[in-house]
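S.K.: My questions all concern the structure below.
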Amino acid sequence: MSSWNPEANPEAVLEPEKSTINAVRIAGPLAAIVGALALVEITSGVLQGYYTPILTDIARHFSVHDADTNWLEASQLMLSALCVPVLAKIGDLYGHRRVLIGTTAATALASFGLAFAPTFWTFLVAWALQGAYAVWLPLEVALIYLAARQAVAGRRSAGENQISDEVPALTRKAAGLLVAALEAGVIAGALVSGEVAQVASMRVTLLIPALVVTACLVAVVVLLPKDTKPELAAAVSEYSAGSVEGAGAGAGAGAGAGTDNADARLGRVDVVGVVLLTLSLALLMSGLVLVRSTGVGSPWPWLLLLSAVALVVPFVRHERSHPEPIIDVKLLAERSMWPIQLTAGLFGVSVLGAQAPLSTFARTNPDEVGYGLGLTSASVSYIIGLYVITMLIGALLFAPVSRRFTPRVALIMASSLVALGYLMFLPFHGSLLQTMINMGIAGLGSGALVAALPAAAASAAPPTRTGMATGLTNTTKTIGGAIASAVFGVALFAGVSEAAVSSGETAAPLSGYMTVWALCGITAAICALLLTRVPKDSFTSVRES
């Protein structure tokens, strides 16, 4: 290990990354993997951007209130929260490529289900199942992280610390490229849907993303290198050896022998943990649904919410005692990890939960209700396009800002931008220009966080927990988004009278939108404060044990 003290000289932590990042490029097999995964992220972006401009059209198609579109997001995010840790763990066990192919096929089937759904409830089920794509980015980061370890394995003579710093630097750079592909897909999806919805039927409009996912499935099968089990076995061998030099000396034997017993070393899926987590999240969602339908005065939703919280206790106890938990709570409790995961959960409130309210606010006619922007689906897609472009810029700036300062400082800056952007909505929401400025500021911070959080989690985790750690960032983010979507659905429906609903009034009250913006800004500000608790030299070197 290095002899310098980062606490005494924080700037010194930058030097190893500066040297390696200038000397090493994403090339060869690693570049091929990143290129194939970029196609997956473009598809993910299409799914994330395509539906948002037409949420109001979907609500009209099924004759539901604007606030009910939040339940679409809540259901999909909650299912994603359930399946991401399970699928990430399965990826660690049996190969990330296999899980990526399986979830892509499931997403394609669900996307076709959306196009042919006869009722809002069947549409809701298909929408939830489509959430399997949430595990794509964690799987991709795990693939890249393991590939990066192999890419630098032949240069161990350059020094253990230098190589350790090189792996997270490569992962962050590749993650930035993937997020750039993601945002390009979001822009394309938003622009296309806004135009298509004005000239085509709803079924034709919804068929387009289904065809895109199907094409992505073919591309993954053909272009992505074969199963990553050898890379996983090498990482397991390296982890078991207890040192970088030992793994380097025995990499060949470790890869061969480790393939046969990797499953035994890593254990099996934690079924009890999955059941407890599922029950807790199901009770949580049920309680929030009852708040919407019965009101805050009823005791039943609060009973369900308390039951969901109570289940956390046996879940944590089980996970702490299980040799291969679905969520490693011991790892989660470490000083360098828990702020990242909690930040991801709070970040989900704005980056995931606020999508539907933004769309419906922009489509609300100010001539009828006194607020809103009165835009068409095509015009909304341009707002989304601007937001996504700023996210792209933020994602690409994360790596150089991290080198100039530290990853920790870059994360604090990104969270602060998200907080500023959403809090500016409180006084400034009366025009298109104000909305675009607010979303642009929030987008810069959001893009950096999307790129940074999985890579930061991977750096803080041991080699055999990269899939779990990166998957956990998406799990906590989607749980935060799901809870926020349900809460926002309640807030946007509050104050709407039965007479208004019966007469066909679908607009949500302005007070509901103010609540949404305030919660998004406050949670982002809390993220910035949490990240100040992270050690100054966090996320600048790979963890070896």
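To be explicit about the labels: the chains of the structure tokens are called A, B, and onward in the order shown, and within each one the residues are counted from 1, while ligands get numbers from 1 in the order they are shown.
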Quick one: residues within 9 Å of stretch 419-431 of chain A, only C-alpha atoms, excluding same-chain residues fewer than 3 positions away - as a ChimeraX atom specification?
M.R.: /A:350,371-373,414-416,434-443,445,514,516-528
S.K.: Can you spit out the residues from that selection as a compact mmCIF listing (two decimals), in the first residue's frame, using N, CA and C atoms?
M.R.:
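Output saved as result29.txt:
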```txt
# COMPACT_ATOMS: atom_id res chain seq x y z
N SER A 350 -36.26 12.06 -7.01
CA SER A 350 -36.34 13.05 -8.09
C SER A 350 -36.14 12.44 -9.47
N TYR A 371 -52.66 27.21 -14.13
CA TYR A 371 -51.26 26.81 -14.01
C TYR A 371 -50.97 25.72 -15.02
N GLY A 372 -49.69 25.40 -15.18
CA GLY A 372 -49.30 24.44 -16.20
C GLY A 372 -48.72 25.17 -17.41
N LEU A 373 -48.28 24.38 -18.38
CA LEU A 373 -47.65 24.96 -19.57
C LEU A 373 -48.48 24.78 -20.83
N ALA A 414 -22.80 17.32 -7.40
CA ALA A 414 -23.93 16.85 -8.22
C ALA A 414 -25.23 16.88 -7.42
N SER A 415 -25.19 16.41 -6.17
CA SER A 415 -26.40 16.41 -5.34
C SER A 415 -26.89 17.84 -5.09
N SER A 416 -25.97 18.76 -4.91
CA SER A 416 -26.34 20.16 -4.68
C SER A 416 -27.03 20.76 -5.89
N GLN A 434 -38.61 29.19 -17.56
CA GLN A 434 -38.28 28.89 -16.19
C GLN A 434 -38.18 27.38 -15.96
N THR A 435 -39.10 26.64 -16.54
CA THR A 435 -39.08 25.18 -16.40
C THR A 435 -37.82 24.59 -17.00
N MET A 436 -37.41 25.08 -18.16
CA MET A 436 -36.23 24.54 -18.82
C MET A 436 -34.96 24.87 -18.04
N ILE A 437 -34.89 26.07 -17.46
CA ILE A 437 -33.71 26.42 -16.66
C ILE A 437 -33.63 25.52 -15.43
N ASN A 438 -34.75 25.34 -14.75
CA ASN A 438 -34.77 24.49 -13.56
C ASN A 438 -34.35 23.06 -13.87
N MET A 439 -34.93 22.51 -14.93
CA MET A 439 -34.64 21.13 -15.29
C MET A 439 -33.20 20.98 -15.80
N GLY A 440 -32.68 22.03 -16.44
CA GLY A 440 -31.29 21.98 -16.90
C GLY A 440 -30.31 21.88 -15.74
N ILE A 441 -30.55 22.68 -14.70
CA ILE A 441 -29.68 22.63 -13.52
C ILE A 441 -29.77 21.27 -12.83
N ALA A 442 -31.00 20.79 -12.64
CA ALA A 442 -31.18 19.48 -12.02
C ALA A 442 -30.59 18.37 -12.88
N GLY A 443 -30.67 18.53 -14.19
CA GLY A 443 -30.16 17.51 -15.10
C GLY A 443 -28.66 17.34 -15.02
N GLY A 445 -26.72 17.72 -12.39
CA GLY A 445 -26.42 16.92 -11.22
C GLY A 445 -26.91 15.49 -11.34
N MET A 514 -46.36 21.51 -6.09
CA MET A 514 -45.42 22.18 -5.19
C MET A 514 -44.83 21.19 -4.19
N VAL A 516 -44.38 18.00 -4.72
CA VAL A 516 -43.43 17.17 -5.47
C VAL A 516 -42.08 17.86 -5.57
N TRP A 517 -42.09 19.12 -5.98
CA TRP A 517 -40.83 19.84 -6.18
C TRP A 517 -40.09 20.04 -4.86
N ALA A 518 -40.83 20.33 -3.80
CA ALA A 518 -40.19 20.54 -2.49
C ALA A 518 -39.52 19.26 -2.01
N LEU A 519 -40.20 18.13 -2.13
CA LEU A 519 -39.62 16.87 -1.68
C LEU A 519 -38.40 16.48 -2.50
N CYS A 520 -38.45 16.73 -3.81
CA CYS A 520 -37.29 16.42 -4.66
C CYS A 520 -36.08 17.26 -4.25
N GLY A 521 -36.29 18.54 -4.00
CA GLY A 521 -35.19 19.41 -3.61
C GLY A 521 -34.63 19.09 -2.25
N ILE A 522 -35.50 18.81 -1.29
CA ILE A 522 -35.05 18.52 0.08
C ILE A 522 -34.27 17.21 0.13
N THR A 523 -34.76 16.17 -0.54
CA THR A 523 -34.06 14.89 -0.52
C THR A 523 -32.69 14.99 -1.18
N ALA A 524 -32.58 15.79 -2.24
CA ALA A 524 -31.28 15.97 -2.88
C ALA A 524 -30.31 16.72 -1.96
N ALA A 525 -30.83 17.71 -1.22
CA ALA A 525 -29.98 18.43 -0.27
C ALA A 525 -29.48 17.51 0.84
N ILE A 526 -30.34 16.59 1.26
CA ILE A 526 -29.92 15.61 2.27
C ILE A 526 -28.81 14.72 1.72
N CYS A 527 -28.90 14.37 0.43
CA CYS A 527 -27.83 13.59 -0.21
C CYS A 527 -26.48 14.28 -0.08
N ALA A 528 -26.46 15.57 -0.38
CA ALA A 528 -25.20 16.31 -0.30
C ALA A 528 -24.64 16.28 1.12
```
S.K.: Which residues, written as a VMD selection string, have at least one atom at most 9 Å from A:Met285, with only C-alpha atoms counted and residues fewer than 4 positions away on the same chain left out?
M.R.: chain A and resid 74 to 75 78 280 to 281 289 to 290 304 to 305 308 482 to 483 486
S.K.: Restricted to all heavy atoms, what would the selected residues look like written as a PDB file, in the first residue's frame?
M.R.:
```
ATOM      1  N   ALA A  74     -44.916   3.833  -9.893  1.00  0.00           N
ATOM      2  CA  ALA A  74     -44.736   3.191  -8.588  1.00  0.00           C
ATOM      3  C   ALA A  74     -44.692   1.675  -8.716  1.00  0.00           C
ATOM      4  O   ALA A  74     -43.857   1.007  -8.099  1.00  0.00           O
ATOM      5  CB  ALA A  74     -45.865   3.608  -7.644  1.00  0.00           C
ATOM      6  N   SER A  75     -45.591   1.112  -9.530  1.00  0.00           N
ATOM      7  CA  SER A  75     -45.638  -0.345  -9.671  1.00  0.00           C
ATOM      8  C   SER A  75     -44.380  -0.872 -10.349  1.00  0.00           C
ATOM      9  O   SER A  75     -43.814  -1.884  -9.924  1.00  0.00           O
ATOM     10  CB  SER A  75     -46.881  -0.756 -10.470  1.00  0.00           C
ATOM     11  OG  SER A  75     -46.822  -0.254 -11.795  1.00  0.00           O
ATOM     12  N   MET A  78     -41.360  -0.506  -7.960  1.00  0.00           N
ATOM     13  CA  MET A  78     -41.388  -1.453  -6.852  1.00  0.00           C
ATOM     14  C   MET A  78     -40.990  -2.848  -7.312  1.00  0.00           C
ATOM     15  O   MET A  78     -40.230  -3.547  -6.629  1.00  0.00           O
ATOM     16  CB  MET A  78     -42.776  -1.476  -6.213  1.00  0.00           C
ATOM     17  CG  MET A  78     -42.831  -2.264  -4.914  1.00  0.00           C
ATOM     18  SD  MET A  78     -41.694  -1.608  -3.656  1.00  0.00           S
ATOM     19  CE  MET A  78     -42.524  -0.097  -3.189  1.00  0.00           C
ATOM     20  N   SER A 280     -42.107  -7.128   2.765  1.00  0.00           N
ATOM     21  CA  SER A 280     -41.981  -5.772   3.289  1.00  0.00           C
ATOM     22  C   SER A 280     -42.352  -4.734   2.242  1.00  0.00           C
ATOM     23  O   SER A 280     -43.129  -3.802   2.512  1.00  0.00           O
ATOM     24  CB  SER A 280     -40.549  -5.540   3.792  1.00  0.00           C
ATOM     25  OG  SER A 280     -40.401  -4.232   4.287  1.00  0.00           O
ATOM     26  N   LEU A 281     -41.827  -4.895   1.031  1.00  0.00           N
ATOM     27  CA  LEU A 281     -42.124  -3.928  -0.019  1.00  0.00           C
ATOM     28  C   LEU A 281     -43.577  -4.014  -0.470  1.00  0.00           C
ATOM     29  O   LEU A 281     -44.192  -2.990  -0.803  1.00  0.00           O
ATOM     30  CB  LEU A 281     -41.183  -4.154  -1.205  1.00  0.00           C
ATOM     31  CG  LEU A 281     -39.705  -3.850  -0.944  1.00  0.00           C
ATOM     32  CD1 LEU A 281     -38.876  -4.143  -2.181  1.00  0.00           C
ATOM     33  CD2 LEU A 281     -39.510  -2.406  -0.502  1.00  0.00           C
ATOM     34  N   VAL A 289     -51.092   2.612  -1.364  1.00  0.00           N
ATOM     35  CA  VAL A 289     -52.287   2.551  -2.211  1.00  0.00           C
ATOM     36  C   VAL A 289     -53.528   2.851  -1.381  1.00  0.00           C
ATOM     37  O   VAL A 289     -54.435   3.573  -1.820  1.00  0.00           O
ATOM     38  CB  VAL A 289     -52.403   1.170  -2.887  1.00  0.00           C
ATOM     39  CG1 VAL A 289     -53.765   1.015  -3.554  1.00  0.00           C
ATOM     40  CG2 VAL A 289     -51.301   0.990  -3.912  1.00  0.00           C
ATOM     41  N   LEU A 290     -53.590   2.314  -0.161  1.00  0.00           N
ATOM     42  CA  LEU A 290     -54.740   2.567   0.700  1.00  0.00           C
ATOM     43  C   LEU A 290     -54.814   4.026   1.143  1.00  0.00           C
ATOM     44  O   LEU A 290     -55.906   4.568   1.331  1.00  0.00           O
ATOM     45  CB  LEU A 290     -54.704   1.648   1.920  1.00  0.00           C
ATOM     46  CG  LEU A 290     -55.172   0.211   1.704  1.00  0.00           C
ATOM     47  CD1 LEU A 290     -55.108  -0.576   2.999  1.00  0.00           C
ATOM     48  CD2 LEU A 290     -56.595   0.183   1.147  1.00  0.00           C
ATOM     49  N   LEU A 304     -50.591  -1.201   7.704  1.00  0.00           N
ATOM     50  CA  LEU A 304     -49.772  -1.869   6.698  1.00  0.00           C
ATOM     51  C   LEU A 304     -48.371  -1.270   6.629  1.00  0.00           C
ATOM     52  O   LEU A 304     -47.380  -1.990   6.494  1.00  0.00           O
ATOM     53  CB  LEU A 304     -50.454  -1.789   5.332  1.00  0.00           C
ATOM     54  CG  LEU A 304     -51.729  -2.615   5.152  1.00  0.00           C
ATOM     55  CD1 LEU A 304     -52.348  -2.362   3.791  1.00  0.00           C
ATOM     56  CD2 LEU A 304     -51.433  -4.099   5.324  1.00  0.00           C
ATOM     57  N   LEU A 305     -48.283   0.047   6.720  1.00  0.00           N
ATOM     58  CA  LEU A 305     -46.980   0.695   6.668  1.00  0.00           C
ATOM     59  C   LEU A 305     -46.120   0.316   7.869  1.00  0.00           C
ATOM     60  O   LEU A 305     -44.915   0.067   7.727  1.00  0.00           O
ATOM     61  CB  LEU A 305     -47.161   2.216   6.591  1.00  0.00           C
ATOM     62  CG  LEU A 305     -47.777   2.763   5.299  1.00  0.00           C
ATOM     63  CD1 LEU A 305     -48.028   4.260   5.418  1.00  0.00           C
ATOM     64  CD2 LEU A 305     -46.885   2.471   4.110  1.00  0.00           C
ATOM     65  N   ALA A 308     -44.821  -3.143   7.348  1.00  0.00           N
ATOM     66  CA  ALA A 308     -43.693  -3.154   6.408  1.00  0.00           C
ATOM     67  C   ALA A 308     -42.400  -2.779   7.112  1.00  0.00           C
ATOM     68  O   ALA A 308     -41.351  -3.405   6.898  1.00  0.00           O
ATOM     69  CB  ALA A 308     -43.975  -2.193   5.253  1.00  0.00           C
ATOM     70  N   ALA A 482     -40.126   4.508  -6.155  1.00  0.00           N
ATOM     71  CA  ALA A 482     -41.447   3.898  -6.008  1.00  0.00           C
ATOM     72  C   ALA A 482     -42.232   4.557  -4.881  1.00  0.00           C
ATOM     73  O   ALA A 482     -43.421   4.884  -5.036  1.00  0.00           O
ATOM     74  CB  ALA A 482     -41.295   2.399  -5.742  1.00  0.00           C
ATOM     75  N   ILE A 483     -41.572   4.744  -3.742  1.00  0.00           N
ATOM     76  CA  ILE A 483     -42.242   5.398  -2.623  1.00  0.00           C
ATOM     77  C   ILE A 483     -42.637   6.821  -3.009  1.00  0.00           C
ATOM     78  O   ILE A 483     -43.758   7.277  -2.737  1.00  0.00           O
ATOM     79  CB  ILE A 483     -41.341   5.404  -1.378  1.00  0.00           C
ATOM     80  CG1 ILE A 483     -41.107   3.964  -0.899  1.00  0.00           C
ATOM     81  CG2 ILE A 483     -41.954   6.244  -0.260  1.00  0.00           C
ATOM     82  CD1 ILE A 483     -40.094   3.843   0.216  1.00  0.00           C
ATOM     83  N   ALA A 486     -45.677   6.877  -5.346  1.00  0.00           N
ATOM     84  CA  ALA A 486     -46.923   6.642  -4.631  1.00  0.00           C
ATOM     85  C   ALA A 486     -47.318   7.875  -3.808  1.00  0.00           C
ATOM     86  O   ALA A 486     -48.488   8.287  -3.799  1.00  0.00           O
ATOM     87  CB  ALA A 486     -46.785   5.418  -3.728  1.00  0.00           C
TER      88      ALA A 486
END
```
S.K.: Measuring between only C-alpha atoms, which one of A:Glu140, A:Glu166, A:Glu73, A:Glu324 shows the shortest distance to A:Thr478?
M.R.: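 Ranked by minimum distance to A:Thr478, first place goes to A:Glu73.
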S.K.: Hey, could you make a per-residue contact list for stretch 429-533 of chain A against stretch 391-407 of chain A with 6 Å as the cut-off, showing the nearest pair of atoms and its distance in Å to one decimal, counting only C-alpha atoms, sorted by chain and number, as CSV?
M.R.:
```
residue,atom,partner,partner_atom,distance
A:Gly443,CA,A:Met391,CA,4.5
A:Leu444,CA,A:Gly394,CA,4.3
A:Ser446,CA,A:Met391,CA,5.9
A:Gly447,CA,A:Met391,CA,3.8
A:Ala448,CA,A:Ala395,CA,4.2
A:Ala451,CA,A:Ala395,CA,5.5
```
S.K.: Hey, what's within 6 Å of stretch 110-116 of chain A if we count only C-alpha atoms and toss same-chain stuff fewer than 3 positions away? As a list in words, please?
M.R.: Thr107, Phe123, Ala126, Leu129, Gln130, Arg203, Leu206, Leu207 and Ala210 of chain A
S.K.: Would you please work out which residue, of A:Leu39, A:Val186, A:Ala458, A:Leu375, is nearest to A:Ala148 when using only C-alpha atoms?
M.R.: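 Smallest distance to A:Ala148 is found for A:Ala458.
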S.K.: I need the residues of stretch 505-534 of chain A that end up classed as helix (DSSP H, G or I) by DSSP on the backbone, written out as a list in words.
M.R.: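 Those residues are Leu510, Ser511, Gly512, Tyr513, Met514, Thr515, Val516, Trp517, Ala518, Leu519, Cys520, Gly521, Ile522, Thr523, Ala524, Ala525, Ile526, Cys527, Ala528, Leu529, Leu530 and Leu531 of chain A.
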S.K.: What would the file look like if the residues just selected were written as an mmCIF file, in the first residue's frame with N, CA, C and O atoms?
M.R.:
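Once everything was written out, this is out-v8.cif:
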```
data_model
loop_
_atom_site.group_PDB
_atom_site.id
_atom_site.type_symbol
_atom_site.label_atom_id
_atom_site.label_comp_id
_atom_site.auth_asym_id
_atom_site.auth_seq_id
_atom_site.Cartn_x
_atom_site.Cartn_y
_atom_site.Cartn_z
ATOM 1 N N LEU A 510 -52.293 22.535 -8.069
ATOM 2 C CA LEU A 510 -50.961 23.118 -8.034
ATOM 3 C C LEU A 510 -50.247 22.789 -6.728
ATOM 4 O O LEU A 510 -49.018 22.588 -6.719
ATOM 5 N N SER A 511 -50.987 22.716 -5.632
ATOM 6 C CA SER A 511 -50.364 22.398 -4.347
ATOM 7 C C SER A 511 -49.689 21.030 -4.388
ATOM 8 O O SER A 511 -48.658 20.816 -3.740
ATOM 9 N N GLY A 512 -50.241 20.102 -5.145
ATOM 10 C CA GLY A 512 -49.624 18.789 -5.289
ATOM 11 C C GLY A 512 -48.283 18.868 -5.999
ATOM 12 O O GLY A 512 -47.306 18.225 -5.579
ATOM 13 N N TYR A 513 -48.231 19.666 -7.054
ATOM 14 C CA TYR A 513 -46.963 19.840 -7.761
ATOM 15 C C TYR A 513 -45.928 20.547 -6.898
ATOM 16 O O TYR A 513 -44.730 20.206 -6.937
ATOM 17 N N MET A 514 -46.358 21.508 -6.093
ATOM 18 C CA MET A 514 -45.419 22.183 -5.192
ATOM 19 C C MET A 514 -44.833 21.194 -4.187
ATOM 20 O O MET A 514 -43.641 21.260 -3.851
ATOM 21 N N THR A 515 -45.673 20.265 -3.715
ATOM 22 C CA THR A 515 -45.189 19.229 -2.803
ATOM 23 C C THR A 515 -44.139 18.357 -3.469
ATOM 24 O O THR A 515 -43.113 18.015 -2.863
ATOM 25 N N VAL A 516 -44.378 17.996 -4.716
ATOM 26 C CA VAL A 516 -43.434 17.169 -5.474
ATOM 27 C C VAL A 516 -42.084 17.864 -5.572
ATOM 28 O O VAL A 516 -41.032 17.280 -5.279
ATOM 29 N N TRP A 517 -42.088 19.120 -5.978
ATOM 30 C CA TRP A 517 -40.828 19.842 -6.177
ATOM 31 C C TRP A 517 -40.088 20.045 -4.857
ATOM 32 O O TRP A 517 -38.860 19.936 -4.806
ATOM 33 N N ALA A 518 -40.825 20.332 -3.798
ATOM 34 C CA ALA A 518 -40.192 20.540 -2.494
ATOM 35 C C ALA A 518 -39.519 19.257 -2.008
ATOM 36 O O ALA A 518 -38.372 19.282 -1.525
ATOM 37 N N LEU A 519 -40.197 18.126 -2.131
ATOM 38 C CA LEU A 519 -39.621 16.865 -1.685
ATOM 39 C C LEU A 519 -38.396 16.480 -2.505
ATOM 40 O O LEU A 519 -37.403 15.978 -1.959
ATOM 41 N N CYS A 520 -38.447 16.726 -3.806
ATOM 42 C CA CYS A 520 -37.291 16.423 -4.657
ATOM 43 C C CYS A 520 -36.079 17.261 -4.251
ATOM 44 O O CYS A 520 -34.954 16.759 -4.165
ATOM 45 N N GLY A 521 -36.292 18.542 -3.998
ATOM 46 C CA GLY A 521 -35.185 19.409 -3.610
ATOM 47 C C GLY A 521 -34.626 19.087 -2.245
ATOM 48 O O GLY A 521 -33.404 19.043 -2.046
ATOM 49 N N ILE A 522 -35.505 18.806 -1.285
ATOM 50 C CA ILE A 522 -35.054 18.521 0.080
ATOM 51 C C ILE A 522 -34.275 17.212 0.126
ATOM 52 O O ILE A 522 -33.223 17.128 0.777
ATOM 53 N N THR A 523 -34.765 16.173 -0.541
ATOM 54 C CA THR A 523 -34.057 14.892 -0.515
ATOM 55 C C THR A 523 -32.692 14.995 -1.180
ATOM 56 O O THR A 523 -31.721 14.370 -0.722
ATOM 57 N N ALA A 524 -32.583 15.788 -2.237
ATOM 58 C CA ALA A 524 -31.277 15.970 -2.878
ATOM 59 C C ALA A 524 -30.314 16.720 -1.962
ATOM 60 O O ALA A 524 -29.118 16.414 -1.912
ATOM 61 N N ALA A 525 -30.832 17.706 -1.221
ATOM 62 C CA ALA A 525 -29.982 18.434 -0.271
ATOM 63 C C ALA A 525 -29.485 17.509 0.840
ATOM 64 O O ALA A 525 -28.333 17.599 1.275
ATOM 65 N N ILE A 526 -30.337 16.589 1.264
ATOM 66 C CA ILE A 526 -29.916 15.612 2.274
ATOM 67 C C ILE A 526 -28.806 14.724 1.720
ATOM 68 O O ILE A 526 -27.870 14.356 2.435
ATOM 69 N N CYS A 527 -28.897 14.370 0.429
ATOM 70 C CA CYS A 527 -27.834 13.585 -0.211
ATOM 71 C C CYS A 527 -26.485 14.279 -0.078
ATOM 72 O O CYS A 527 -25.477 13.648 0.261
ATOM 73 N N ALA A 528 -26.460 15.566 -0.376
ATOM 74 C CA ALA A 528 -25.202 16.310 -0.299
ATOM 75 C C ALA A 528 -24.643 16.281 1.120
ATOM 76 O O ALA A 528 -23.433 16.127 1.324
ATOM 77 N N LEU A 529 -25.512 16.421 2.113
ATOM 78 C CA LEU A 529 -25.064 16.379 3.500
ATOM 79 C C LEU A 529 -24.550 14.995 3.874
ATOM 80 O O LEU A 529 -23.535 14.862 4.577
ATOM 81 N N LEU A 530 -25.221 13.945 3.411
ATOM 82 C CA LEU A 530 -24.787 12.581 3.716
ATOM 83 C C LEU A 530 -23.393 12.300 3.167
ATOM 84 O O LEU A 530 -22.571 11.654 3.815
ATOM 85 N N LEU A 531 -23.133 12.775 1.968
ATOM 86 C CA LEU A 531 -21.859 12.486 1.317
ATOM 87 C C LEU A 531 -20.688 13.177 1.998
ATOM 88 O O LEU A 531 -19.537 12.797 1.791
#
```
S.K.: Rank nothing, just name the residue among A:Val212, A:Val369, A:Val349, A:Ala169 nearest to A:Gly189, using only C-alpha atoms.
M.R.: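 Between A:Val212, A:Val369, A:Val349, A:Ala169, the residue approaching A:Gly189 most closely is A:Val212.
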S.K.: Please measure the separation of atom CA of A:Leu137 and atom CA of A:Leu352, giving the value in Å to one decimal.
M.R.: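 Pair atom CA of A:Leu137 / atom CA of A:Leu352 returns 14.9 Å.
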S.K.: Would you give me, as a Markdown table, each residue of stretch 48-102 of chain A having an atom within 10 Å of an atom of stretch 191-201 of chain A, along with its shortest atom pair and that distance in Å to one decimal, using only C-alpha atoms and sorting by chain and residue number?
M.R.:
```
| residue | atom | partner | partner_atom | distance |
| --- | --- | --- | --- | --- |
| A:Gly49 | CA | A:Leu191 | CA | 8.4 |
| A:Tyr50 | CA | A:Ser193 | CA | 5.4 |
| A:Tyr51 | CA | A:Ser193 | CA | 7.1 |
| A:Thr52 | CA | A:Ser193 | CA | 8.7 |
| A:Pro53 | CA | A:Gly194 | CA | 6.0 |
| A:Ile54 | CA | A:Gly194 | CA | 6.8 |
| A:Asp57 | CA | A:Ala197 | CA | 8.1 |
```
S.K.: What would the file look like if the residues just selected were written as a JSON list (two decimals), in the first residue's frame with C-alpha atoms?
M.R.:
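Contents of result35.json, as written:
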```json
[["chain", "number", "residue", "atom", "x", "y", "z"],
["A", 49, "GLY", "CA", -37.80, 8.48, -22.52],
["A", 50, "TYR", "CA", -40.48, 7.16, -24.84],
["A", 51, "TYR", "CA", -43.46, 6.97, -22.51],
["A", 52, "THR", "CA", -43.03, 10.17, -20.47],
["A", 53, "PRO", "CA", -44.30, 12.66, -23.11],
["A", 54, "ILE", "CA", -47.41, 10.53, -23.74],
["A", 57, "ASP", "CA", -52.38, 10.52, -23.69]]
```
S.K.: Excluding same-chain residues fewer than 6 positions from A:Val213, what lies within 10 Å of it counting only C-alpha atoms, as a list in words?
M.R.: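 What passes the distance filter is Val40, Ile42, Thr43, Ser44, Val46, Leu47, Thr104, Ala105, Ala106, Thr107, Ala108, Leu109, Ser111, Phe112, Tyr133 and Ala219 of chain A.
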